[in-house]
Structure formats: C-alpha cells, structure tokens
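Here is the file entry-v8.cif (mmCIF, C-alpha atoms and all ligand atoms).
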data_my_file
loop_
_atom_site.label_atom_id
_atom_site.label_comp_id
_atom_site.auth_asym_id
_atom_site.auth_seq_id
_atom_site.Cartn_x
_atom_site.Cartn_y
_atom_site.Cartn_z
CA MET Q 1413 73.64 79.84 72.88
CA THR Q 1414 75.58 81.48 70.06
CA LYS Q 1415 79.25 82.14 70.61
CA PRO Q 1416 79.65 85.74 71.76
CA LYS Q 1417 82.15 87.19 69.34
CA ARG Q 1418 83.23 90.80 69.24
CA ASP Q 1419 84.52 92.20 66.00
CA ARG Q 1420 86.81 94.68 67.78
CA PHE Q 1421 89.51 93.79 70.33
CA LEU Q 1422 88.70 95.13 73.80
CA VAL Q 1423 92.03 96.51 75.00
CA PHE Q 1424 92.75 95.68 78.65
CA GLY Q 1425 93.03 98.81 80.80
CA SER Q 1426 92.34 101.21 77.96
CA PRO Q 1427 91.96 104.69 79.49
CA SER Q 1428 89.17 107.20 79.03
CA ILE Q 1429 90.64 110.19 77.16
CA GLU Q 1430 88.33 113.14 76.61
CA GLU Q 1431 88.31 116.34 74.52
CA ASP Q 1432 89.62 118.56 77.34
CA GLU Q 1433 92.92 116.72 77.66
CA ILE Q 1434 93.30 116.44 73.90
CA ASN Q 1435 92.90 120.22 73.58
CA GLU Q 1436 95.21 120.85 76.52
CA VAL Q 1437 97.98 118.69 75.00
CA VAL Q 1438 97.58 120.53 71.69
CA HIS Q 1439 97.77 123.83 73.59
CA SER Q 1440 101.07 122.73 75.14
CA LEU Q 1441 102.46 121.69 71.77
CA LYS Q 1442 101.49 125.01 70.21
CA SER Q 1443 102.85 127.02 73.13
CA GLY Q 1444 106.25 125.43 72.61
CA TRP Q 1445 106.62 124.78 76.36
CA ILE Q 1446 106.34 121.01 76.38
CA GLY Q 1447 108.82 120.10 79.12
CA THR Q 1448 108.41 120.71 82.87
CA GLY Q 1449 106.55 123.98 83.25
CA PRO Q 1450 103.40 125.70 84.48
CA LYS Q 1451 101.06 122.76 83.82
CA VAL Q 1452 103.20 120.39 85.87
CA HIS Q 1453 103.02 122.86 88.73
CA ARG Q 1454 99.27 123.22 88.35
CA PHE Q 1455 98.88 119.43 88.43
CA GLU Q 1456 101.10 119.17 91.51
CA GLU Q 1457 99.04 121.81 93.29
CA MET Q 1458 95.77 120.09 92.35
CA PHE Q 1459 97.05 116.73 93.55
CA ARG Q 1460 98.45 118.26 96.75
CA GLN Q 1461 95.03 119.74 97.54
CA TYR Q 1462 93.22 116.54 96.59
CA LYS Q 1463 95.36 114.63 99.09
CA GLY Q 1464 95.43 117.40 101.70
CA ILE Q 1465 99.18 117.15 102.17
CA LYS Q 1466 102.09 119.59 102.29
CA HIS Q 1467 104.08 118.50 99.21
CA ALA Q 1468 103.33 116.79 95.90
CA MET Q 1469 106.13 116.27 93.37
CA ALA Q 1470 105.19 115.21 89.84
CA LEU Q 1471 107.57 112.69 88.27
CA ASN Q 1472 107.70 110.63 85.11
CA SER Q 1473 106.60 107.39 86.81
CA CYS Q 1474 105.66 105.72 90.06
CA THR Q 1475 108.85 103.70 89.71
CA ALA Q 1476 110.79 106.98 89.83
CA ALA Q 1477 108.77 108.04 92.89
CA LEU Q 1478 109.62 104.77 94.66
CA HIS Q 1479 113.30 105.02 93.73
CA LEU Q 1480 113.60 108.61 94.96
CA SER Q 1481 111.66 107.79 98.14
CA LEU Q 1482 114.10 105.05 99.06
CA ASN Q 1483 116.96 107.35 98.19
CA VAL Q 1484 115.80 110.25 100.37
CA ILE Q 1485 115.01 108.09 103.40
CA GLY Q 1486 118.67 107.06 103.22
CA ILE Q 1487 118.68 103.41 102.16
CA ARG Q 1488 122.32 102.25 102.21
CA PRO Q 1489 123.97 99.18 100.67
CA GLY Q 1490 122.91 96.12 102.64
CA ASP Q 1491 119.81 97.69 104.15
CA GLU Q 1492 116.75 95.47 103.99
CA VAL Q 1493 113.37 96.70 102.83
CA ILE Q 1494 110.20 94.62 103.26
CA VAL Q 1495 108.25 94.26 99.99
CA PRO Q 1496 105.19 92.09 99.26
CA THR Q 1497 105.92 89.25 96.83
CA MET Q 1498 102.47 89.81 95.31
CA THR Q 1499 103.22 93.05 93.46
CA PHE Q 1500 104.62 94.50 90.28
CA ALA Q 1501 108.39 94.26 89.77
CA ALA Q 1502 108.88 98.02 90.19
CA SER Q 1503 108.13 97.84 93.95
CA ALA Q 1504 111.16 95.60 94.51
CA ASN Q 1505 113.42 96.89 91.73
CA ALA Q 1506 113.33 100.38 93.24
CA VAL Q 1507 114.85 98.93 96.44
CA ILE Q 1508 117.63 97.28 94.46
CA HIS Q 1509 118.40 100.50 92.53
CA ALA Q 1510 118.63 102.39 95.82
CA GLY Q 1511 121.23 99.84 96.96
CA GLY Q 1512 118.99 97.89 99.30
CA ILE Q 1513 117.83 94.28 99.50
CA PRO Q 1514 114.13 93.56 98.92
CA VAL Q 1515 112.91 91.09 101.53
CA LEU Q 1516 109.75 89.50 100.18
CA VAL Q 1517 106.69 88.71 102.30
CA ASP Q 1518 103.61 86.60 101.57
CA CYS Q 1519 100.12 88.06 101.24
CA ASN Q 1520 96.76 87.27 102.74
CA LYS Q 1521 94.92 84.80 100.51
CA ASP Q 1522 91.65 86.78 100.53
CA THR Q 1523 92.73 90.43 100.50
CA MET Q 1524 95.90 89.71 98.48
CA ASN Q 1525 97.58 92.40 100.60
CA ILE Q 1526 100.84 91.95 102.51
CA ASP Q 1527 100.24 89.98 105.73
CA PRO Q 1528 101.28 92.07 108.78
CA VAL Q 1529 102.03 88.96 110.86
CA LYS Q 1530 104.44 87.77 108.18
CA ILE Q 1531 106.11 91.19 108.05
CA GLU Q 1532 107.12 90.76 111.70
CA GLU Q 1533 108.68 87.38 110.96
CA LYS Q 1534 110.97 88.96 108.34
CA ILE Q 1535 112.25 91.92 110.35
CA THR Q 1536 115.97 91.75 111.19
CA ALA Q 1537 118.55 94.19 112.58
CA LYS Q 1538 119.12 95.35 108.98
CA THR Q 1539 115.48 96.18 108.18
CA ARG Q 1540 115.02 99.89 107.52
CA ALA Q 1541 111.71 100.26 105.73
CA ILE Q 1542 108.46 98.61 104.62
CA ILE Q 1543 106.90 99.16 101.19
CA VAL Q 1544 103.17 98.50 101.24
CA VAL Q 1545 101.13 98.02 98.06
CA HIS Q 1546 97.38 98.57 98.33
CA PHE Q 1547 96.66 95.64 96.09
CA ALA Q 1548 94.11 96.03 93.29
CA GLY Q 1549 92.81 99.11 95.10
CA ARG Q 1550 92.13 97.61 98.50
CA PRO Q 1551 93.94 99.42 101.33
CA CYS Q 1552 96.35 97.36 103.43
CA ASP Q 1553 95.75 96.89 107.14
CA MET Q 1554 97.42 100.21 107.96
CA ASP Q 1555 96.67 100.18 111.72
CA GLU Q 1556 98.65 96.99 112.18
CA ILE Q 1557 101.39 97.92 109.74
CA MET Q 1558 101.97 101.38 111.25
CA GLU Q 1559 102.09 99.82 114.71
CA ILE Q 1560 104.71 97.28 113.64
CA ALA Q 1561 106.74 100.03 111.91
CA GLY Q 1562 106.42 102.35 114.92
CA LYS Q 1563 107.63 99.71 117.37
CA ARG Q 1564 110.75 99.03 115.29
CA SER Q 1565 111.35 102.59 113.96
CA LEU Q 1566 110.89 101.45 110.37
CA ILE Q 1567 109.94 103.90 107.64
CA VAL Q 1568 106.80 103.07 105.64
CA ILE Q 1569 106.63 103.92 101.92
CA GLU Q 1570 103.25 103.45 100.25
CA ASP Q 1571 103.14 102.16 96.69
CA CYS Q 1572 99.75 103.63 95.72
CA ALA Q 1573 99.95 102.71 92.03
CA HIS Q 1574 96.55 100.99 92.36
CA THR Q 1575 94.90 103.49 94.65
CA ILE Q 1576 94.71 107.21 94.12
CA GLU Q 1577 91.30 107.38 95.76
CA ALA Q 1578 91.20 104.55 98.31
CA GLU Q 1579 90.63 105.24 102.00
CA TYR Q 1580 91.34 103.26 105.15
CA LYS Q 1581 89.11 104.20 108.11
CA GLY Q 1582 88.40 107.60 106.60
CA LYS Q 1583 92.01 108.45 105.71
CA GLN Q 1584 93.28 108.41 102.12
CA THR Q 1585 96.02 106.04 101.01
CA GLY Q 1586 99.36 107.79 100.64
CA LEU Q 1587 98.89 109.71 103.91
CA PHE Q 1588 100.00 106.91 106.26
CA GLY Q 1589 103.63 106.39 105.33
CA ALA Q 1590 106.53 108.85 105.14
CA ILE Q 1591 106.02 109.11 101.37
CA GLY Q 1592 103.17 108.02 99.07
CA CYS Q 1593 103.93 107.07 95.46
CA PHE Q 1594 101.35 107.22 92.66
CA SER Q 1595 101.20 106.14 89.02
CA PHE Q 1596 99.42 107.71 86.05
CA TYR Q 1597 100.50 104.97 83.64
CA VAL Q 1598 97.99 104.23 80.85
CA THR Q 1599 96.17 101.46 82.71
CA LYS Q 1600 95.87 103.26 86.07
CA ASN Q 1601 92.86 105.04 87.56
CA ILE Q 1602 93.79 108.41 86.08
CA ILE Q 1603 96.44 108.73 83.40
CA THR Q 1604 99.10 110.99 81.94
CA GLY Q 1605 100.55 108.37 79.57
CA GLU Q 1606 103.62 107.82 81.69
CA GLY Q 1607 103.67 109.70 84.96
CA GLY Q 1608 103.87 109.54 88.73
CA MET Q 1609 103.69 111.59 91.91
CA ALA Q 1610 105.40 111.50 95.29
CA ILE Q 1611 103.62 113.08 98.26
CA THR Q 1612 104.92 113.83 101.74
CA ASP Q 1613 104.53 116.14 104.72
CA ASN Q 1614 108.29 116.08 105.30
CA ASP Q 1615 110.03 119.26 104.01
CA GLN Q 1616 113.48 117.66 103.74
CA TYR Q 1617 112.20 114.68 101.75
CA ALA Q 1618 110.24 116.99 99.45
CA ASP Q 1619 113.21 119.28 98.76
CA LYS Q 1620 115.53 116.40 98.07
CA ILE Q 1621 113.06 114.61 95.79
CA LYS Q 1622 112.67 117.82 93.71
CA VAL Q 1623 116.42 118.19 93.32
CA LEU Q 1624 117.13 114.50 92.65
CA ALA Q 1625 114.36 114.31 90.04
CA LEU Q 1626 116.12 116.87 87.84
CA HIS Q 1627 119.81 115.94 87.59
CA GLY Q 1628 120.51 117.02 91.17
CA MET Q 1629 120.36 120.65 90.09
CA SER Q 1630 119.53 123.19 92.78
CA LYS Q 1631 115.87 124.13 93.28
CA ASP Q 1632 113.75 125.56 90.45
CA ALA Q 1633 116.36 124.74 87.79
CA TRP Q 1634 113.43 123.89 85.50
CA LYS Q 1635 112.92 127.67 85.17
CA ARG Q 1636 116.39 128.24 83.76
CA PHE Q 1637 115.12 128.89 80.24
CA SER Q 1638 111.88 130.73 81.18
CA ASP Q 1639 110.96 134.36 80.50
CA GLU Q 1640 112.44 135.27 83.88
CA GLY Q 1641 115.81 135.12 82.14
CA TYR Q 1642 118.57 132.54 82.30
CA LYS Q 1643 119.29 131.30 85.83
CA HIS Q 1644 122.55 129.66 86.91
CA TYR Q 1645 122.12 126.39 88.75
CA GLN Q 1646 124.37 124.32 90.96
CA VAL Q 1647 124.58 120.55 90.91
CA VAL Q 1648 124.30 119.40 94.49
CA TYR Q 1649 123.74 115.63 93.97
CA PRO Q 1650 124.30 113.21 91.10
CA GLY Q 1651 120.58 113.23 90.33
CA PHE Q 1652 118.27 111.45 87.94
CA LYS Q 1653 116.04 112.44 84.98
CA TYR Q 1654 112.65 111.83 86.51
CA ASN Q 1655 110.73 115.07 85.84
CA MET Q 1656 107.19 115.12 84.44
CA MET Q 1657 106.52 117.07 81.20
CA ASP Q 1658 103.78 119.65 80.63
CA ILE Q 1659 102.38 117.41 77.87
CA GLN Q 1660 101.78 114.76 80.53
CA ALA Q 1661 100.42 117.17 83.15
CA ALA Q 1662 98.07 118.55 80.46
CA MET Q 1663 96.22 115.23 80.68
CA GLY Q 1664 96.45 114.99 84.47
CA ILE Q 1665 94.84 118.37 85.18
CA HIS Q 1666 91.69 117.24 83.34
CA GLN Q 1667 91.74 113.63 84.53
CA LEU Q 1668 91.98 114.41 88.26
CA PRO Q 1669 88.63 116.27 88.50
CA ARG Q 1670 86.95 113.19 86.96
CA ILE Q 1671 88.40 110.76 89.47
CA ASP Q 1672 85.09 110.21 91.29
CA THR Q 1673 83.07 109.83 88.08
CA TYR Q 1674 85.51 107.20 86.87
CA TRP Q 1675 85.51 105.52 90.30
CA LYS Q 1676 81.68 105.22 90.30
CA ARG Q 1677 81.69 103.63 86.85
CA ARG Q 1678 84.35 101.10 87.85
CA GLN Q 1679 82.41 100.28 91.03
CA GLU Q 1680 79.31 99.67 88.92
CA ILE Q 1681 81.21 97.33 86.58
CA TRP Q 1682 82.78 95.58 89.59
CA ASN Q 1683 79.34 94.92 91.12
CA THR Q 1684 77.96 93.76 87.78
CA TYR Q 1685 80.82 91.25 87.45
CA ASN Q 1686 80.30 90.03 91.04
CA MET Q 1687 76.62 89.34 90.34
CA ALA Q 1688 77.30 87.68 87.00
CA PHE Q 1689 79.99 85.28 88.24
CA GLN Q 1690 78.44 84.18 91.56
CA ASP Q 1691 77.49 80.71 90.36
CA LEU Q 1692 80.71 79.95 88.45
CA PRO Q 1693 83.64 77.78 89.59
CA VAL Q 1694 85.63 80.88 90.52
CA PHE Q 1695 86.53 82.90 93.61
CA LEU Q 1696 85.31 86.49 93.51
CA PRO Q 1697 87.34 89.38 94.96
CA ALA Q 1698 87.00 89.47 98.76
CA PRO Q 1699 84.08 91.63 99.96
CA VAL Q 1700 85.03 95.21 100.77
CA PRO Q 1701 84.82 95.93 104.53
CA GLY Q 1702 82.62 98.82 105.63
CA ASP Q 1703 85.46 100.95 106.99
CA VAL Q 1704 87.48 101.16 103.77
CA LYS Q 1705 86.99 102.69 100.34
CA HIS Q 1706 88.26 100.37 97.62
CA SER Q 1707 89.55 102.10 94.51
CA TYR Q 1708 88.48 99.25 92.18
CA HIS Q 1709 91.64 99.30 90.13
CA LEU Q 1710 91.83 95.62 89.17
CA TYR Q 1711 89.03 93.08 89.01
CA THR Q 1712 90.94 89.92 89.87
CA LEU Q 1713 88.95 86.77 89.27
CA LEU Q 1714 90.47 83.61 90.75
CA LEU Q 1715 89.74 80.53 88.67
CA ASP Q 1716 88.92 77.43 90.72
CA ILE Q 1717 91.27 75.35 88.57
CA ASP Q 1718 90.51 72.16 90.52
CA ARG Q 1719 86.89 72.36 89.36
CA LEU Q 1720 87.56 73.65 85.84
CA SER Q 1721 88.53 71.64 82.81
CA ILE Q 1722 90.55 74.58 81.49
CA SER Q 1723 93.85 75.91 82.87
CA ARG Q 1724 94.40 79.57 83.76
CA ASP Q 1725 96.58 80.12 80.71
CA GLY Q 1726 94.02 78.29 78.58
CA PHE Q 1727 91.40 80.71 79.90
CA LEU Q 1728 93.56 83.70 78.94
CA GLU Q 1729 93.90 82.29 75.43
CA GLU Q 1730 90.16 81.71 75.09
CA MET Q 1731 89.40 85.28 76.21
CA THR Q 1732 91.87 86.67 73.68
CA LYS Q 1733 90.29 84.53 70.94
CA ARG Q 1734 86.98 86.19 71.82
CA ASN Q 1735 88.62 89.59 71.36
CA ILE Q 1736 88.78 90.43 75.05
CA GLY Q 1737 92.03 91.70 76.54
CA VAL Q 1738 92.97 90.20 79.90
CA GLY Q 1739 95.84 90.58 82.37
CA VAL Q 1740 97.58 88.67 85.15
CA HIS Q 1741 98.32 90.60 88.35
CA TYR Q 1742 100.64 89.01 89.17
CA ILE Q 1743 102.95 86.05 89.05
CA ALA Q 1744 104.52 86.61 92.49
CA LEU Q 1745 107.98 88.19 92.36
CA HIS Q 1746 109.77 85.28 94.05
CA LEU Q 1747 108.78 83.03 91.13
CA HIS Q 1748 110.65 85.22 88.60
CA PRO Q 1749 114.19 84.20 87.62
CA TYR Q 1750 116.00 87.34 88.83
CA TYR Q 1751 114.77 87.16 92.44
CA ARG Q 1752 115.16 83.37 92.59
CA GLU Q 1753 118.71 83.46 91.31
CA THR Q 1754 119.82 86.54 93.24
CA TYR Q 1755 118.14 85.95 96.60
CA GLY Q 1756 117.54 82.19 96.54
CA TYR Q 1757 113.74 82.23 96.62
CA ARG Q 1758 111.96 79.01 95.64
CA GLU Q 1759 108.48 77.81 94.77
CA GLY Q 1760 106.91 76.92 98.11
CA ASP Q 1761 108.27 79.97 99.97
CA PHE Q 1762 105.03 81.95 99.85
CA PRO Q 1763 102.03 79.62 99.50
CA ASN Q 1764 99.29 82.25 99.44
CA ALA Q 1765 100.92 84.36 96.73
CA GLU Q 1766 101.59 81.18 94.72
CA TRP Q 1767 98.00 80.03 95.07
CA ILE Q 1768 96.89 83.39 93.63
CA SER Q 1769 99.63 83.45 90.95
CA HIS Q 1770 98.33 80.19 89.50
CA ARG Q 1771 94.66 81.19 89.44
CA THR Q 1772 94.36 84.93 88.92
CA VAL Q 1773 92.97 86.67 85.86
CA SER Q 1774 92.28 90.40 85.56
CA LEU Q 1775 89.22 91.39 83.55
CA PRO Q 1776 88.77 94.76 81.82
CA LEU Q 1777 87.69 97.40 84.38
CA SER Q 1778 87.94 100.78 82.70
CA PRO Q 1779 85.41 103.64 82.89
CA LYS Q 1780 85.55 103.60 79.11
CA LEU Q 1781 83.73 100.23 78.90
CA THR Q 1782 80.22 100.39 77.48
CA ASP Q 1783 77.45 98.22 78.93
CA GLN Q 1784 77.83 96.05 75.82
CA ASP Q 1785 81.58 95.66 76.47
CA VAL Q 1786 80.81 94.54 80.03
CA GLN Q 1787 78.21 92.09 78.75
CA ASP Q 1788 80.69 90.70 76.21
CA VAL Q 1789 83.21 90.08 79.01
CA ILE Q 1790 80.55 88.36 81.11
CA ASP Q 1791 79.33 86.19 78.22
CA ALA Q 1792 82.88 85.14 77.40
CA VAL Q 1793 83.78 84.29 81.02
CA ARG Q 1794 80.57 82.27 81.49
CA LEU Q 1795 80.96 80.39 78.24
CA ILE Q 1796 84.59 79.48 78.91
CA THR Q 1797 84.12 78.45 82.56
CA ILE Q 1798 80.82 76.57 82.21
CA HIS Q 1799 82.02 74.70 79.14
C1 LIG N 1 102.09 100.22 87.76
C2 LIG N 1 102.76 99.92 89.04
C3 LIG N 1 103.97 100.50 89.40
C4 LIG N 1 104.78 101.31 88.45
O1 LIG N 1 104.16 102.45 87.99
P1 LIG N 1 104.84 103.24 86.79
O2 LIG N 1 104.18 104.58 86.85
O3 LIG N 1 104.54 102.49 85.54
O4 LIG N 1 106.29 103.32 87.08
C5 LIG N 1 104.47 100.27 90.66
N1 LIG N 1 103.83 99.47 91.53
C6 LIG N 1 102.68 98.85 91.21
C7 LIG N 1 102.01 98.01 92.24
C8 LIG N 1 102.12 99.05 89.95
O5 LIG N 1 100.98 98.42 89.63
#

Starting from the coordinates I provided, produce the structure as structure tokens.
Amino acid sequence: MTKPKRDRFLVFGSPSIEEDEINEVVHSLKSGWIGTGPKVHRFEEMFRQYKGIKHAMALNSCTAALHLSLNVIGIRPGDEVIVPTMTFAASANAVIHAGGIPVLVDCNKDTMNIDPVKIEEKITAKTRAIIVVHFAGRPCDMDEIMEIAGKRSLIVIEDCAHTIEAEYKGKQTGLFGAIGCFSFYVTKNIITGEGGMAITDNDQYADKIKVLALHGMSKDAWKRFSDEGYKHYQVVYPGFKYNMMDIQAAMGIHQLPRIDTYWKRRQEIWNTYNMAFQDLPVFLPAPVPGDVKHSYHLYTLLLDIDRLSISRDGFLEEMTKRNIGVGVHYIALHLHPYYRETYGYREGDFPNAEWISHRTVSLPLSPKLTDQDVQDVIDAVRLITIH
C-alpha cells in the first residue's frame, strides 16, 4: 500500500461558507451598518422560531451567553455550580467570572456526558445551578438531570455549543434548562465567525440579558444612532460588551436554513467512519439510542492505547504529517493547572474523564469534506493504527 499523502492540509473543523453569506456580509459592509442592527434581529427571530421559544438573544459568543446566564440567575460569591470536567474551559470559566465556584463532576465513560449519579454526590447546601454540556452532540440524560434539579430547586443552564439541532425524546436541546447557550464559532455546526445565542422562556432573564450584553444600557440602546433619531439611554447595570454584529448575523441568517443539510452530511461521514474503523484497535463513539437525535458535532475516536504501539500524541503527530488536521476534545478540566491549583483537583479524581482524556482524538467532521477528504482521513487512521 502506498502512503496516502495529501498535498493540501485538511483544516480541522473548517466551516462551509457559501455565496449567500459572502454576498450578505458584503451588503452589510456597503450599507455602512456593520454593528448590531437589523440583521442581528432577523437572525434572533429566525433562531427563536427554529427553537420554538419566547426569547433568543444574539451575542458575540457562547462564553458570553454562559456568563450572562449565570449572572441573571443570580449567582453570588461562594455559590457552587456543577460543571462536567469533560468540557471546554469556557463552561467553568463563566462560573468563575460570575463569582461562583465550579464544582467538577465525572462523565459516563461511553456517552462522555456528565453522570447524573455523580451530580447528586456533589450537591451541597451551596449548590445553586447545574451546567450541562451535550457532549460532542449527544444529549445528556435530561430526564434524570431535571429530576435531580427539581428535587433540590437547582437551576439548569444548558451549554449547547455542540448541539444546535440535537433532540432528547423529541424535545430540542436548549429547551430543558432555564437558559440554553449556543455557539457559532468557526468549528461549530453553523457559524458566524465568532457568535453565540442565549434562549429562554423567562421574560426577566431575557430582558436582563439584553441590557447586560450592551454596557447595561436600557433597552434598545443599539438603536441610538439609527434613522429614528438619537435616543437617550440610561445605564441601569455595569454591563458587558457582548453584542453580536450585523456582519456576523449576515452569515447566520444563511447558515441556519442549511442546518439540516449540513447535519445529514455529517451523519453520513460519521457512519462512514464507524464502518471504516470497526476492525481497528480503537473504541468507536457510543451508539446513538433510538429516542435521541445526535447532532454529530465531534467524531471522537478513542485509541486503545494498550493495544497500539503508538501513543495518542504520536497519533496526532502522524495525522498532521499526513496533512490531516485533528483535535482533542478534551483534556478534562481538572487536569489543567488553573483548576488543580485553585480548587485542589488531582489526577485520579475523575477516572472516566481521565481515561477519555488520554485516548481521545477528534477527526475532521465538517459538511465541507469531500468524499476524497473522508477517504484520506480513513486511509491515514488505518495506516497509523494498523502499523
Ligand atoms: C466552543 C465551546 C464553548 C464556547 O463557545 P464560544 O462561542 O467560542 O464562546 C463553550 N462550551 C463548549 C462545550 C464549547 O465547545
């Protein structure tokens, strides 16, 4: 077998960007209205209808959405918020910025999602909220989590950065908790470059998120320079600068209608990978149960390092050498210096998340991949693992 060798680097998580959004961005630039304006409001309305919820607030990131969510539910210094250790840093950092303490919890080894039984073990008198992350696009066990939260009067915030389109027992992710937070970062399922959204049915939360996202200025301050004439505003909170721009929404309004097309392509690639890697010394992503819709955000292959002659990091290097971009989602938070040093976490605290941290590799899973790209990934993985 000849060494599969691409001449062009396959960028991990490279988004599909089409003519419509390119033209729309140019239109915004030419119109001169590039900041928060009519396109942001169109995107919010489209997203609100897509989710079937009362309020959708466009922001400049999911991190901003998480931070504002924790703020509006009233997290106070010393309050504890449950966060999975198997997640991106933003899920926990948002808690810290809101003044709270992230209390990490291990995941299930197969689903990689936060383990509800282990949530219960970590609840104390100071626990106020639970952040769930629908890992890689697979919805968490929301029946169990909502029951635990209900019993203890804890507020659930959903970090839906991996799942715009996932469903749990017929209900979309982001509709279970008090607030759902979404990301349109370049690698996510639909993109606006940087961008995020917070959704809620709660009028008070929605109003406060809108105000806090734009310097704490009273409602509709974004219109202060519009053709309706200058409007005075009042600062009612020391707010943040978290608003989305029209240039970003210009992409979102064309990406959102393609969400199902993109989802189908990622599902196809996912199934192709599953078939191609069956016989390798690896663990494939856990099968998707019949009562959920997976959003296929990350294809996480777990290397069976005990049966391989190559290490995980060696594998990453070999893939890069073959011009294929790879990722690691994630090294569990409690293994990072900040959380160890600040909260005293140690290796050994969360065995399942550690087991995954040492073995996981994310392969390219973008709707932009051609069949040849997918084949190149497969050839490279097979060659490196069979070697
Ligand atoms: C990407 C990501 C975020 C942050 O999203 P941004 O829009 O980049 O702020 C938060 N949580 C998880 C799980 C993510 O993957």

Once you count all atoms listed in the file, which residues end up within 6 Å of ligand LIG 1 (chain N), and could you hand them over as a ChimeraX atom specification? /Q:1473-1475,1499-1500,1502-1503,1545,1571,1573-1574,1595-1597,1607-1608

Next, dump the selected residues to file, keeping only C-alpha atoms, as a PDB file, in the coordinates of the input.
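Output contents, as saved in out-v1.pdb:
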ATOM      1  CA  SER Q1473     106.600 107.390  86.810  1.00  0.00           C
ATOM      2  CA  CYS Q1474     105.660 105.720  90.060  1.00  0.00           C
ATOM      3  CA  THR Q1475     108.850 103.700  89.710  1.00  0.00           C
ATOM      4  CA  THR Q1499     103.220  93.050  93.460  1.00  0.00           C
ATOM      5  CA  PHE Q1500     104.620  94.500  90.280  1.00  0.00           C
ATOM      6  CA  ALA Q1502     108.880  98.020  90.190  1.00  0.00           C
ATOM      7  CA  SER Q1503     108.130  97.840  93.950  1.00  0.00           C
ATOM      8  CA  VAL Q1545     101.130  98.020  98.060  1.00  0.00           C
ATOM      9  CA  ASP Q1571     103.140 102.160  96.690  1.00  0.00           C
ATOM     10  CA  ALA Q1573      99.950 102.710  92.030  1.00  0.00           C
ATOM     11  CA  HIS Q1574      96.550 100.990  92.360  1.00  0.00           C
ATOM     12  CA  SER Q1595     101.200 106.140  89.020  1.00  0.00           C
ATOM     13  CA  PHE Q1596      99.420 107.710  86.050  1.00  0.00           C
ATOM     14  CA  TYR Q1597     100.500 104.970  83.640  1.00  0.00           C
ATOM     15  CA  GLY Q1607     103.670 109.700  84.960  1.00  0.00           C
ATOM     16  CA  GLY Q1608     103.870 109.540  88.730  1.00  0.00           C
TER      17      GLY Q1608
END

Asn1483 (chain Q) environment, 12 Å, all atoms listed in the file, sequence neighbours closer than 3 positions dropped, as an MDAnalysis selection string: chainID Q and resid 1476:1480 1486:1489 1491 1506:1512 1541 1569 1591 1617:1618 1620:1621 1623:1625 1649:1652

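Residues in contact range of Tyr1755 (chain Q), defined as at most 12 Å between all atoms listed in the file, with sequence neighbours fewer than 4 positions away removed, read Ile1508, Ile1513, Pro1514, Val1515, Leu1516, Leu1745, His1746, Leu1747, His1748, Pro1749, Tyr1750 and Tyr1751 of chain Q.
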
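Counting all atoms listed in the file, the residue from Q:Asp1615, Q:Glu1579, Q:Glu1556, Q:Asp1632 that sits nearest to Thr1448 (chain Q) is Q:Asp1632.
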
Calculated over only C-alpha atoms, which of the candidates Q:Arg1794, Q:Arg1418, Q:Lys1581, Q:His1453 has the smallest distance to Lys1635 (chain Q)? Q:His1453

Ala1537 (chain Q) environment, 12 Å, all atoms listed in the file, sequence neighbours closer than 6 positions dropped, as an MDAnalysis selection string: chainID Q and resid 1490:1493 1564:1566

If I only have part of region 1778-1790 of chain Q, can you fill in N, CA and C atoms and write it as a short mmCIF file (atom, residue, chain, number, x, y, z; two decimals), in the coordinates of the input?
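Saved result, result-v1.cif, follows:
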data_model
loop_
_atom_site.label_atom_id
_atom_site.label_comp_id
_atom_site.auth_asym_id
_atom_site.auth_seq_id
_atom_site.Cartn_x
_atom_site.Cartn_y
_atom_site.Cartn_z
N SER Q 1778 87.62 99.38 83.01
CA SER Q 1778 87.94 100.78 82.70
C SER Q 1778 86.63 101.55 82.60
N PRO Q 1779 86.65 102.84 83.00
CA PRO Q 1779 85.41 103.64 82.89
C PRO Q 1779 84.96 103.80 81.44
N LYS Q 1780 85.85 103.46 80.52
CA LYS Q 1780 85.55 103.60 79.11
C LYS Q 1780 84.63 102.48 78.59
N LEU Q 1781 84.52 101.38 79.36
CA LEU Q 1781 83.73 100.23 78.90
C LEU Q 1781 82.26 100.62 78.75
N THR Q 1782 81.66 100.21 77.66
CA THR Q 1782 80.22 100.39 77.48
C THR Q 1782 79.52 99.21 78.16
N ASP Q 1783 78.20 99.33 78.35
CA ASP Q 1783 77.45 98.22 78.93
C ASP Q 1783 77.59 96.97 78.05
N GLN Q 1784 77.66 97.18 76.73
CA GLN Q 1784 77.83 96.05 75.82
C GLN Q 1784 79.20 95.39 76.02
N ASP Q 1785 80.24 96.21 76.20
CA ASP Q 1785 81.58 95.66 76.47
C ASP Q 1785 81.53 94.76 77.71
N VAL Q 1786 80.89 95.28 78.77
CA VAL Q 1786 80.81 94.54 80.03
C VAL Q 1786 80.07 93.22 79.80
N GLN Q 1787 78.98 93.29 79.04
CA GLN Q 1787 78.21 92.09 78.75
C GLN Q 1787 79.03 91.09 77.94
N ASP Q 1788 79.83 91.58 77.01
CA ASP Q 1788 80.69 90.70 76.21
C ASP Q 1788 81.70 89.97 77.10
N VAL Q 1789 82.25 90.70 78.07
CA VAL Q 1789 83.21 90.08 79.01
C VAL Q 1789 82.50 88.98 79.80
N ILE Q 1790 81.31 89.32 80.31
CA ILE Q 1790 80.55 88.36 81.11
C ILE Q 1790 80.20 87.11 80.29
#
